[in-house]
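Asks: If it helps, the file is called run_12.cif and holds mmCIF, C-alpha atoms (C1' of nucleotides); chains and numbers go by the auth columns:
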data_upload
#
loop_
_atom_site.group_PDB
_atom_site.id
_atom_site.type_symbol
_atom_site.label_atom_id
_atom_site.label_comp_id
_atom_site.label_asym_id
_atom_site.label_seq_id
_atom_site.Cartn_x
_atom_site.Cartn_y
_atom_site.Cartn_z
_atom_site.B_iso_or_equiv
_atom_site.auth_seq_id
_atom_site.auth_asym_id
ATOM 1 C CA MET A 1 0.000 0.000 0.000 0.00 1 A
ATOM 2 C CA GLU A 2 1.105 3.544 -0.672 0.00 2 A
ATOM 3 C CA ARG A 3 1.906 5.937 2.190 0.00 3 A
ATOM 4 C CA VAL A 4 -1.242 6.345 4.305 0.00 4 A
ATOM 5 C CA ALA A 5 -1.984 8.082 7.614 0.00 5 A
ATOM 6 C CA VAL A 6 -3.882 6.145 10.284 0.00 6 A
ATOM 7 C CA ILE A 7 -5.595 8.528 12.679 0.00 7 A
ATOM 8 C CA ASP A 8 -7.447 8.344 15.987 0.00 8 A
ATOM 9 C CA PHE A 9 -9.095 11.032 18.115 0.00 9 A
ATOM 10 C CA GLU A 10 -10.052 11.026 21.764 0.00 10 A
ATOM 11 C CA THR A 11 -12.838 13.538 22.364 0.00 11 A
ATOM 12 C CA THR A 12 -15.236 14.957 24.941 0.00 12 A
ATOM 13 C CA GLY A 13 -18.252 13.341 23.249 0.00 13 A
ATOM 14 C CA MET A 14 -19.731 11.807 20.144 0.00 14 A
ATOM 15 C CA SER A 15 -20.539 14.717 17.897 0.00 15 A
ATOM 16 C CA PRO A 16 -18.689 17.949 17.030 0.00 16 A
ATOM 17 C CA GLU A 17 -22.011 19.299 15.735 0.00 17 A
ATOM 18 C CA HIS A 18 -23.213 19.212 19.352 0.00 18 A
ATOM 19 C CA GLY A 19 -20.189 20.836 20.938 0.00 19 A
ATOM 20 C CA ALA A 20 -17.854 17.879 21.469 0.00 20 A
ATOM 21 C CA ARG A 21 -14.164 18.687 21.018 0.00 21 A
ATOM 22 C CA ALA A 22 -11.048 16.643 20.414 0.00 22 A
ATOM 23 C CA THR A 23 -8.802 16.073 23.441 0.00 23 A
ATOM 24 C CA GLU A 24 -6.023 13.987 21.883 0.00 24 A
ATOM 25 C CA ILE A 25 -4.863 13.025 18.408 0.00 25 A
ATOM 26 C CA GLY A 26 -2.685 10.110 17.390 0.00 26 A
ATOM 27 C CA ILE A 27 -1.416 9.529 13.856 0.00 27 A
ATOM 28 C CA VAL A 28 0.891 6.875 12.432 0.00 28 A
ATOM 29 C CA ILE A 29 2.262 6.777 8.900 0.00 29 A
ATOM 30 C CA LEU A 30 1.980 3.346 7.322 0.00 30 A
ATOM 31 C CA GLU A 31 4.214 2.522 4.357 0.00 31 A
ATOM 32 C CA GLY A 32 4.230 -0.926 2.806 0.00 32 A
ATOM 33 C CA GLY A 33 2.559 -2.350 5.907 0.00 33 A
ATOM 34 C CA VAL A 34 5.150 -0.864 8.282 0.00 34 A
ATOM 35 C CA VAL A 35 4.739 2.102 10.666 0.00 35 A
ATOM 36 C CA VAL A 36 7.461 4.579 9.714 0.00 36 A
ATOM 37 C CA ASP A 37 6.447 7.705 11.660 0.00 37 A
ATOM 38 C CA ARG A 38 4.218 8.776 14.567 0.00 38 A
ATOM 39 C CA TYR A 39 2.549 11.942 15.862 0.00 39 A
ATOM 40 C CA GLN A 40 0.690 12.309 19.156 0.00 40 A
ATOM 41 C CA SER A 41 -0.507 15.224 21.238 0.00 41 A
ATOM 42 C CA LEU A 42 -3.087 16.124 23.828 0.00 42 A
ATOM 43 C CA MET A 43 -4.918 19.308 22.871 0.00 43 A
ATOM 44 C CA LYS A 44 -6.507 22.054 24.944 0.00 44 A
ATOM 45 C CA SER A 45 -9.743 23.453 23.554 0.00 45 A
ATOM 46 C CA GLY A 46 -11.374 24.692 26.757 0.00 46 A
ATOM 47 C CA ALA A 47 -14.082 22.029 26.576 0.00 47 A
ATOM 48 C CA ARG A 48 -14.571 19.960 29.729 0.00 48 A
ATOM 49 C CA ILE A 49 -14.220 16.169 29.652 0.00 49 A
ATOM 50 C CA PRO A 50 -17.167 14.340 31.311 0.00 50 A
ATOM 51 C CA SER A 51 -16.048 12.142 34.191 0.00 51 A
ATOM 52 C CA PHE A 52 -17.045 8.877 32.496 0.00 52 A
ATOM 53 C CA ILE A 53 -14.815 9.762 29.524 0.00 53 A
ATOM 54 C CA GLU A 54 -11.970 10.626 31.907 0.00 54 A
ATOM 55 C CA GLU A 55 -12.350 7.081 33.245 0.00 55 A
ATOM 56 C CA LEU A 56 -12.658 5.578 29.764 0.00 56 A
ATOM 57 C CA THR A 57 -9.556 7.214 28.310 0.00 57 A
ATOM 58 C CA GLY A 58 -7.449 8.123 31.329 0.00 58 A
ATOM 59 C CA ILE A 59 -7.242 11.659 29.907 0.00 59 A
ATOM 60 C CA THR A 60 -8.206 14.109 32.658 0.00 60 A
ATOM 61 C CA ASN A 61 -9.148 17.770 32.678 0.00 61 A
ATOM 62 C CA ALA A 62 -6.003 18.392 34.730 0.00 62 A
ATOM 63 C CA MET A 63 -3.886 16.855 31.946 0.00 63 A
ATOM 64 C CA LEU A 64 -5.500 19.109 29.331 0.00 64 A
ATOM 65 C CA ARG A 65 -4.693 22.242 31.327 0.00 65 A
ATOM 66 C CA GLN A 66 -1.022 21.514 30.578 0.00 66 A
ATOM 67 C CA ALA A 67 -1.645 20.640 26.895 0.00 67 A
ATOM 68 C CA PRO A 68 -0.810 22.796 23.863 0.00 68 A
ATOM 69 C CA PRO A 69 -3.680 24.721 22.226 0.00 69 A
ATOM 70 C CA ALA A 70 -5.916 22.726 19.871 0.00 70 A
ATOM 71 C CA ALA A 71 -5.207 25.134 17.011 0.00 71 A
ATOM 72 C CA GLN A 72 -1.449 24.580 17.250 0.00 72 A
ATOM 73 C CA VAL A 73 -1.890 20.807 17.430 0.00 73 A
ATOM 74 C CA MET A 74 -4.226 20.671 14.421 0.00 74 A
ATOM 75 C CA ARG A 75 -1.810 22.742 12.302 0.00 75 A
ATOM 76 C CA GLU A 76 0.984 20.335 13.221 0.00 76 A
ATOM 77 C CA ALA A 77 -1.237 17.324 12.520 0.00 77 A
ATOM 78 C CA ALA A 78 -2.269 18.628 9.098 0.00 78 A
ATOM 79 C CA GLU A 79 1.372 19.225 8.182 0.00 79 A
ATOM 80 C CA PHE A 80 2.327 15.774 9.461 0.00 80 A
ATOM 81 C CA VAL A 81 -0.357 14.048 7.363 0.00 81 A
ATOM 82 C CA GLY A 82 0.364 16.093 4.234 0.00 82 A
ATOM 83 C CA GLU A 83 -1.323 14.626 1.174 0.00 83 A
ATOM 84 C CA ALA A 84 -1.585 11.069 2.512 0.00 84 A
ATOM 85 C CA PRO A 85 -4.992 9.370 2.340 0.00 85 A
ATOM 86 C CA LEU A 86 -6.442 8.600 5.770 0.00 86 A
ATOM 87 C CA ILE A 87 -7.673 5.510 7.591 0.00 87 A
ATOM 88 C CA ALA A 88 -9.536 5.294 10.913 0.00 88 A
ATOM 89 C CA HIS A 89 -11.499 2.681 12.857 0.00 89 A
ATOM 90 C CA ASN A 90 -15.117 3.751 12.393 0.00 90 A
ATOM 91 C CA ALA A 91 -13.971 6.570 10.140 0.00 91 A
ATOM 92 C CA SER A 92 -17.356 8.299 10.164 0.00 92 A
ATOM 93 C CA PHE A 93 -16.509 9.345 13.751 0.00 93 A
ATOM 94 C CA ASP A 94 -12.895 10.476 13.309 0.00 94 A
ATOM 95 C CA SER A 95 -13.521 12.166 9.942 0.00 95 A
ATOM 96 C CA ARG A 96 -16.146 14.438 11.508 0.00 96 A
ATOM 97 C CA PHE A 97 -13.673 15.589 14.196 0.00 97 A
ATOM 98 C CA TRP A 98 -10.819 15.880 11.662 0.00 98 A
ATOM 99 C CA HIS A 99 -12.835 18.236 9.465 0.00 99 A
ATOM 100 C CA ALA A 100 -14.438 20.141 12.358 0.00 100 A
ATOM 101 C CA GLU A 101 -11.154 20.798 14.191 0.00 101 A
ATOM 102 C CA LEU A 102 -9.356 21.788 10.967 0.00 102 A
ATOM 103 C CA GLU A 103 -12.186 24.112 10.014 0.00 103 A
ATOM 104 C CA ARG A 104 -11.775 25.921 13.340 0.00 104 A
ATOM 105 C CA VAL A 105 -8.219 26.898 12.348 0.00 105 A
ATOM 106 C CA GLY A 106 -9.109 27.724 8.753 0.00 106 A
ATOM 107 C CA LEU A 107 -7.605 24.587 7.248 0.00 107 A
ATOM 108 C CA SER A 108 -9.134 21.981 4.969 0.00 108 A
ATOM 109 C CA CYS A 109 -7.801 18.528 4.104 0.00 109 A
ATOM 110 C CA GLN A 110 -9.935 16.800 1.509 0.00 110 A
ATOM 111 C CA GLN A 111 -8.109 13.492 1.110 0.00 111 A
ATOM 112 C CA PRO A 112 -10.361 10.405 1.356 0.00 112 A
ATOM 113 C CA PHE A 113 -10.921 8.313 4.506 0.00 113 A
ATOM 114 C CA ALA A 114 -11.045 4.522 4.506 0.00 114 A
ATOM 115 C CA CYS A 115 -12.692 2.733 7.436 0.00 115 A
ATOM 116 C CA SER A 116 -10.932 -0.249 9.015 0.00 116 A
ATOM 117 C CA MET A 117 -14.146 -1.295 10.771 0.00 117 A
ATOM 118 C CA LEU A 118 -16.125 -1.564 7.526 0.00 118 A
ATOM 119 C CA VAL A 119 -13.248 -3.422 5.849 0.00 119 A
ATOM 120 C CA ALA A 120 -12.974 -5.766 8.865 0.00 120 A
ATOM 121 C CA ARG A 121 -16.671 -6.616 8.659 0.00 121 A
ATOM 122 C CA ARG A 122 -15.949 -7.972 5.165 0.00 122 A
ATOM 123 C CA VAL A 123 -12.487 -9.489 5.642 0.00 123 A
ATOM 124 C CA PHE A 124 -13.176 -10.942 9.121 0.00 124 A
ATOM 125 C CA PRO A 125 -16.945 -11.606 9.037 0.00 125 A
ATOM 126 C CA SER A 126 -16.625 -14.295 11.734 0.00 126 A
ATOM 127 C CA ALA A 127 -14.975 -12.078 14.366 0.00 127 A
ATOM 128 C CA PRO A 128 -16.978 -11.970 17.639 0.00 128 A
ATOM 129 C CA SER A 129 -17.405 -8.226 17.143 0.00 129 A
ATOM 130 C CA HIS A 130 -15.740 -5.516 15.104 0.00 130 A
ATOM 131 C CA LYS A 131 -14.610 -3.342 17.983 0.00 131 A
ATOM 132 C CA LEU A 132 -10.915 -2.476 17.675 0.00 132 A
ATOM 133 C CA GLY A 133 -9.954 -4.381 20.847 0.00 133 A
ATOM 134 C CA THR A 134 -11.824 -7.509 19.789 0.00 134 A
ATOM 135 C CA LEU A 135 -10.270 -7.465 16.323 0.00 135 A
ATOM 136 C CA ILE A 136 -6.746 -7.052 17.723 0.00 136 A
ATOM 137 C CA GLU A 137 -7.284 -10.155 19.863 0.00 137 A
ATOM 138 C CA TYR A 138 -9.053 -12.061 17.057 0.00 138 A
ATOM 139 C CA ALA A 139 -6.192 -11.412 14.612 0.00 139 A
ATOM 140 C CA ASP A 140 -3.592 -12.186 17.295 0.00 140 A
ATOM 141 C CA LEU A 141 -2.012 -8.742 17.000 0.00 141 A
ATOM 142 C CA GLN A 142 0.102 -7.018 19.628 0.00 142 A
ATOM 143 C CA VAL A 143 -1.519 -4.651 22.123 0.00 143 A
ATOM 144 C CA THR A 144 0.838 -1.676 21.906 0.00 144 A
ATOM 145 C CA GLY A 145 -0.616 0.448 24.701 0.00 145 A
ATOM 146 C CA ARG A 146 -3.745 1.415 26.553 0.00 146 A
ATOM 147 C CA PHE A 147 -6.947 1.191 24.485 0.00 147 A
ATOM 148 C CA HIS A 148 -8.716 4.555 24.169 0.00 148 A
ATOM 149 C CA ARG A 149 -5.456 6.462 23.986 0.00 149 A
ATOM 150 C CA ALA A 150 -5.004 8.005 20.570 0.00 150 A
ATOM 151 C CA LEU A 151 -1.533 6.847 19.568 0.00 151 A
ATOM 152 C CA ALA A 152 -2.043 3.290 20.829 0.00 152 A
ATOM 153 C CA ASP A 153 -5.366 3.019 19.013 0.00 153 A
ATOM 154 C CA ALA A 154 -3.871 4.477 15.811 0.00 154 A
ATOM 155 C CA GLU A 155 -0.941 2.062 16.012 0.00 155 A
ATOM 156 C CA MET A 156 -3.203 -0.968 16.589 0.00 156 A
ATOM 157 C CA THR A 157 -5.552 0.159 13.804 0.00 157 A
ATOM 158 C CA ALA A 158 -2.508 0.326 11.523 0.00 158 A
ATOM 159 C CA SER A 159 -1.474 -3.218 12.441 0.00 159 A
ATOM 160 C CA LEU A 160 -5.041 -4.409 11.797 0.00 160 A
ATOM 161 C CA VAL A 161 -5.039 -2.712 8.387 0.00 161 A
ATOM 162 C CA ALA A 162 -1.702 -4.301 7.502 0.00 162 A
ATOM 163 C CA ARG A 163 -3.039 -7.726 8.544 0.00 163 A
ATOM 164 C CA MET A 164 -6.206 -7.314 6.472 0.00 164 A
ATOM 165 C CA CYS A 165 -4.162 -6.238 3.448 0.00 165 A
ATOM 166 C CA ASP A 166 -1.996 -9.367 3.847 0.00 166 A
ATOM 167 C CA GLU A 167 -5.142 -11.487 4.055 0.00 167 A
ATOM 168 C CA LEU A 168 -6.603 -9.917 0.916 0.00 168 A
ATOM 169 C CA ALA A 169 -3.312 -10.205 -0.969 0.00 169 A
ATOM 170 C CA ARG A 170 -2.927 -13.883 -0.051 0.00 170 A
ATOM 171 C CA THR A 171 -6.544 -14.818 -0.743 0.00 171 A
ATOM 172 C CA TYR A 172 -6.832 -13.042 -4.090 0.00 172 A
ATOM 173 C CA GLY A 173 -3.244 -13.160 -5.316 0.00 173 A
ATOM 174 C CA LEU A 174 -2.750 -9.409 -5.236 0.00 174 A
ATOM 175 C CA ARG A 175 0.688 -7.782 -5.300 0.00 175 A
ATOM 176 C CA ASP A 176 -0.647 -4.684 -3.570 0.00 176 A
ATOM 177 C CA VAL A 177 -3.751 -3.511 -1.746 0.00 177 A
ATOM 178 C CA PRO A 178 -3.985 0.248 -2.292 0.00 178 A
ATOM 179 C CA HIS A 179 -6.109 2.653 -0.258 0.00 179 A
ATOM 180 C CA SER A 180 -8.522 2.965 -3.193 0.00 180 A
ATOM 181 C CA LEU A 181 -9.247 -0.790 -3.014 0.00 181 A
ATOM 182 C CA LEU A 182 -10.032 -0.527 0.717 0.00 182 A
ATOM 183 C CA ARG A 183 -12.477 2.266 -0.136 0.00 183 A
ATOM 184 C CA LYS A 184 -14.074 0.082 -2.784 0.00 184 A
ATOM 185 C CA ILE A 185 -14.303 -2.910 -0.431 0.00 185 A
ATOM 186 C CA GLN A 186 -15.957 -0.904 2.345 0.00 186 A
ATOM 187 C CA ALA A 187 -18.656 0.258 -0.089 0.00 187 A
ATOM 188 C CA THR A 188 -19.394 -3.277 -1.331 0.00 188 A
ATOM 189 C CA PRO A 189 -21.839 -5.716 0.301 0.00 189 A
ATOM 190 C CA ARG A 190 -20.016 -8.378 2.337 0.00 190 A
ATOM 191 C CA THR A 191 -21.306 -11.184 0.153 0.00 191 A
ATOM 192 C CA ARG A 192 -19.745 -9.586 -2.944 0.00 192 A
ATOM 193 C CA LEU A 193 -16.206 -9.131 -1.598 0.00 193 A
ATOM 194 C CA ALA A 194 -14.611 -11.612 -4.028 0.00 194 A
ATOM 195 C CA GLU A 195 -16.362 -10.071 -7.003 0.00 195 A
ATOM 196 C CA CYS A 196 -15.271 -6.614 -5.859 0.00 196 A
ATOM 197 C CA VAL A 197 -11.590 -7.550 -5.532 0.00 197 A
ATOM 198 C CA ARG A 198 -11.496 -9.442 -8.840 0.00 198 A
ATOM 199 C CA SER A 199 -13.069 -6.573 -10.726 0.00 199 A
ATOM 200 C CA PHE A 200 -10.455 -4.254 -9.192 0.00 200 A
ATOM 201 C CA ARG A 201 -7.702 -6.458 -10.613 0.00 201 A
ATOM 202 C CA GLY A 202 -9.385 -6.145 -14.003 0.00 202 A
ATOM 203 C "C1'" DT B 1 -32.886 19.121 33.829 0.00 1 B
ATOM 204 C "C1'" DG B 2 -32.229 16.135 30.457 0.00 2 B
ATOM 205 C "C1'" DC B 3 -31.196 15.487 26.230 0.00 3 B
ATOM 206 C "C1'" DC B 4 -28.680 16.181 21.932 0.00 4 B
ATOM 207 C "C1'" DA B 5 -24.890 11.635 16.426 0.00 5 B
ATOM 208 C "C1'" DG B 6 -24.557 9.265 12.201 0.00 6 B
ATOM 209 C "C1'" DG B 7 -23.646 5.663 9.032 0.00 7 B
ATOM 210 C "C1'" DC B 8 -23.705 0.814 8.305 0.00 8 B
ATOM 211 C "C1'" DC B 9 -26.006 -3.600 8.407 0.00 9 B
ATOM 212 C "C1'" DC B 10 -29.211 -7.301 9.510 0.00 10 B
ATOM 213 C "C1'" DT B 11 -33.905 -8.969 9.384 0.00 11 B
ATOM 214 C "C1'" DC B 12 -39.424 -11.168 11.568 0.00 12 B
ATOM 215 C "C1'" DT B 13 -36.981 -5.518 5.503 0.00 13 B
ATOM 216 C "C1'" DT B 14 -37.556 -2.012 1.570 0.00 14 B
ATOM 217 C "C1'" DT B 15 -44.048 2.556 3.477 0.00 15 B
ATOM 218 C "C1'" DA B 16 -38.895 0.008 9.527 0.00 16 B
ATOM 219 C "C1'" DG B 17 -36.640 -0.863 13.598 0.00 17 B
ATOM 220 C "C1'" DG B 18 -32.858 -1.783 16.259 0.00 18 B
ATOM 221 C "C1'" DG B 19 -27.937 -3.189 17.160 0.00 19 B
ATOM 222 C "C1'" DC B 20 -23.143 -2.027 16.245 0.00 20 B
ATOM 223 C "C1'" DC B 21 -19.156 1.172 16.535 0.00 21 B
ATOM 224 C "C1'" DT B 22 -16.660 5.466 17.606 0.00 22 B
ATOM 225 C "C1'" DT B 23 -15.908 9.029 22.716 0.00 23 B
#
If you convert what's in this file into structure tokens, what do you get?
Replies:
Amino acid sequence: MERVAVIDFETTGMSPEHGARATEIGIVILEGGVVVDRYQSLMKSGARIPSFIEELTGITNAMLRQAPPAAQVMREAAEFVGEAPLIAHNASFDSRFWHAELERVGLSCQQPFACSMLVARRVFPSAPSHKLGTLIEYADLQVTGRFHRALADAEMTASLVARMCDELARTYGLRDVPHSLLRKIQATPRTRLAECVRSFRG
DNA sequence: TGCCAGGCCCTCTTTAGGGCCTT
């Protein structure tokens, strides 16, 4: 696969349209199935983290008081990602925060998102669930840190993506699984995965 | 005060409802 950026946000809630803000961002650069670079930062927006999310993530309001401003972090993150296409686990969530936080600092990154959860539903249909933690265990991948911390989740999502690409390459005899094929797979019904991949090969 | 998401996917479906997944 070409150079891609795997991204994960921790936030104060589910929806930026209803006032939720990002509290931490983690990004890893994946090249040829290998993580070659990492970016991580807490970010201070002024929004308060509900106590149950403090417990979930381990990120506290006290920690955010010491964090760099969200605007500075998002500018750094956008520069770090550059033109690379993006991947996230349940990308509909992270893409909303990516665009909302960038918009606040007058930036716009329009590269496409692929969703590792949607791809996993097709590549690993028999997994007990398609939560990130369950998939890491199911695929016998290494737990690289605490779940619900941005860099650890981004890193484990990257290893899941690499594993799924290996699985697709082996099953269908592909030399490469580009980001555009992941996008095509996630938009195809599960029962038509084989047809989708073969038509991509031409 | 209490509530506020959104897209995918399955099925007892398609003029719908509810679970999954992200924090």
Asks: Residues of chain A that approach chain B to 12 Å or less, counting all atoms listed in the file: could you list each one with the shortest pair of atoms and its distance in Å to one decimal, rows by chain and increasing residue number, as a Markdown table?
Replies:
| residue | atom | partner | partner_atom | distance |
| --- | --- | --- | --- | --- |
| A:Asp8 | CA | B:DT22 | C1' | 9.8 |
| A:Phe9 | CA | B:DT23 | C1' | 8.5 |
| A:Glu10 | CA | B:DT23 | C1' | 6.3 |
| A:Thr11 | CA | B:DT23 | C1' | 5.5 |
| A:Thr12 | CA | B:DT23 | C1' | 6.4 |
| A:Gly13 | CA | B:DT23 | C1' | 4.9 |
| A:Met14 | CA | B:DT23 | C1' | 5.4 |
| A:Ser15 | CA | B:DA5 | C1' | 5.5 |
| A:Pro16 | CA | B:DA5 | C1' | 8.9 |
| A:Glu17 | CA | B:DA5 | C1' | 8.2 |
| A:His18 | CA | B:DC4 | C1' | 6.8 |
| A:Gly19 | CA | B:DC4 | C1' | 9.7 |
| A:Ala20 | CA | B:DT23 | C1' | 9.1 |
| A:Arg21 | CA | B:DT23 | C1' | 10.0 |
| A:Ala22 | CA | B:DT23 | C1' | 9.3 |
| A:Thr23 | CA | B:DT23 | C1' | 10.0 |
| A:Glu24 | CA | B:DT23 | C1' | 11.1 |
| A:Ile49 | CA | B:DT23 | C1' | 10.1 |
| A:Pro50 | CA | B:DT23 | C1' | 10.2 |
| A:Ser51 | CA | B:DT23 | C1' | 11.9 |
| A:Phe52 | CA | B:DT23 | C1' | 9.8 |
| A:Ile53 | CA | B:DT23 | C1' | 6.9 |
| A:Glu54 | CA | B:DT23 | C1' | 10.1 |
| A:Glu55 | CA | B:DT23 | C1' | 11.3 |
| A:Leu56 | CA | B:DT23 | C1' | 8.5 |
| A:Thr57 | CA | B:DT23 | C1' | 8.7 |
| A:Ile59 | CA | B:DT23 | C1' | 11.6 |
| A:Ala88 | CA | B:DT22 | C1' | 9.8 |
| A:His89 | CA | B:DT22 | C1' | 7.5 |
| A:Asn90 | CA | B:DT22 | C1' | 5.7 |
| A:Ala91 | CA | B:DT22 | C1' | 8.0 |
| A:Ser92 | CA | B:DG7 | C1' | 6.9 |
| A:Phe93 | CA | B:DT22 | C1' | 5.5 |
| A:Asp94 | CA | B:DT22 | C1' | 7.6 |
| A:Ser95 | CA | B:DT22 | C1' | 10.7 |
| A:Arg96 | CA | B:DG6 | C1' | 9.9 |
| A:Phe97 | CA | B:DT23 | C1' | 11.0 |
| A:Cys115 | CA | B:DC8 | C1' | 11.2 |
| A:Ser116 | CA | B:DC21 | C1' | 11.2 |
| A:Met117 | CA | B:DC21 | C1' | 8.0 |
| A:Leu118 | CA | B:DC8 | C1' | 8.0 |
| A:Val119 | CA | B:DC8 | C1' | 11.5 |
| A:Arg121 | CA | B:DC9 | C1' | 9.8 |
| A:Arg122 | CA | B:DC9 | C1' | 11.4 |
| A:Pro128 | CA | B:DC20 | C1' | 11.8 |
| A:Ser129 | CA | B:DC20 | C1' | 8.5 |
| A:His130 | CA | B:DC21 | C1' | 7.6 |
| A:Lys131 | CA | B:DC21 | C1' | 6.6 |
| A:Leu132 | CA | B:DC21 | C1' | 9.1 |
| A:Gly133 | CA | B:DC21 | C1' | 11.6 |
| A:Thr134 | CA | B:DC21 | C1' | 11.8 |
| A:His148 | CA | B:DT23 | C1' | 8.6 |
| A:Arg149 | CA | B:DT23 | C1' | 10.8 |
| A:Ala150 | CA | B:DT23 | C1' | 11.2 |
| A:Asp153 | CA | B:DT22 | C1' | 11.6 |
| A:Gln186 | CA | B:DC8 | C1' | 9.9 |
| A:Ala187 | CA | B:DC8 | C1' | 9.8 |
| A:Thr188 | CA | B:DC8 | C1' | 11.3 |
| A:Pro189 | CA | B:DC9 | C1' | 9.4 |
| A:Arg190 | CA | B:DC9 | C1' | 9.8 |
Asks: Have a look at atom CA of A:Arg104 and atom CA of A:Arg65 and let me know their distance in Å, one decimal.
Replies: 19.7 Å
Asks: With only C-alpha atoms (C1' of nucleotides) as the counted atoms, please give the residues lying no more than 12 Å from A:Gly106, apart from itself and same-chain residues fewer than 3 positions off, as a short mmCIF file (atom, residue, chain, number, x, y, z; two decimals) with C-alpha atoms, keeping the file's coordinate frame.
Replies:
data_model
loop_
_atom_site.label_atom_id
_atom_site.label_comp_id
_atom_site.auth_asym_id
_atom_site.auth_seq_id
_atom_site.Cartn_x
_atom_site.Cartn_y
_atom_site.Cartn_z
CA ALA A 71 -5.21 25.13 17.01
CA GLN A 72 -1.45 24.58 17.25
CA MET A 74 -4.23 20.67 14.42
CA ARG A 75 -1.81 22.74 12.30
CA ALA A 78 -2.27 18.63 9.10
CA HIS A 99 -12.84 18.24 9.46
CA ALA A 100 -14.44 20.14 12.36
CA GLU A 101 -11.15 20.80 14.19
CA LEU A 102 -9.36 21.79 10.97
CA GLU A 103 -12.19 24.11 10.01
CA CYS A 109 -7.80 18.53 4.10
#
Asks: Out of A:Met43, A:Val36, A:Leu86, A:Ala67, which residue has the shortest atom-to-atom distance to A:Leu182 when counting all atoms listed in the file?
Replies: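 Smallest separation from A:Leu182 among the options: A:Leu86.
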Asks: Got a sec to resolve the PyMOL selection byres ((chain A and resi 165) around 10) on this structure and send the residues as a list in words?
Replies: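 Listing what the PyMOL selection byres ((chain A and resi 165) around 10) selects in the shown file: Met1, Gly32, Gly33, Val119, Val123, Ser159, Leu160, Val161, Ala162, Arg163, Met164, Asp166, Glu167, Leu168, Ala169, Arg170, Thr171, Leu174, Asp176, Val177, Pro178, His179, Leu181 and Leu182 of chain A.
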Asks: Please list as a list in words every residue within 10 Å of A:Pro85, counting only C-alpha atoms (C1' of nucleotides) and excluding residues in the same chain fewer than 5 positions away.
Replies: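 The residues that qualify are Glu2, Arg3, Val4, Ala5, Val6, Cys109, Gln110, Gln111, Pro112, Phe113, Ala114, His179 and Ser180 of chain A.
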Asks: Report, in Å with one decimal, the straight-line distance from atom CA of A:Val35 to atom CA of A:Glu137.
Replies: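 Atom CA of A:Glu137 lies 19.5 Å from atom CA of A:Val35.
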Asks: At what distance in Å, to one decimal, does atom CA of A:Gly26 lie from atom CA of A:Ser126?
Replies: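 Atom CA of A:Ser126 sits 28.7 Å away from atom CA of A:Gly26.
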Asks: Running the PyMOL selection byres ((chain A and resi 198) around 12) on this model by hand, what would come out? Give it as number ranges by chain.
Replies: A: 168-169, 171-174, 181, 184-185, 192-197, 199-202
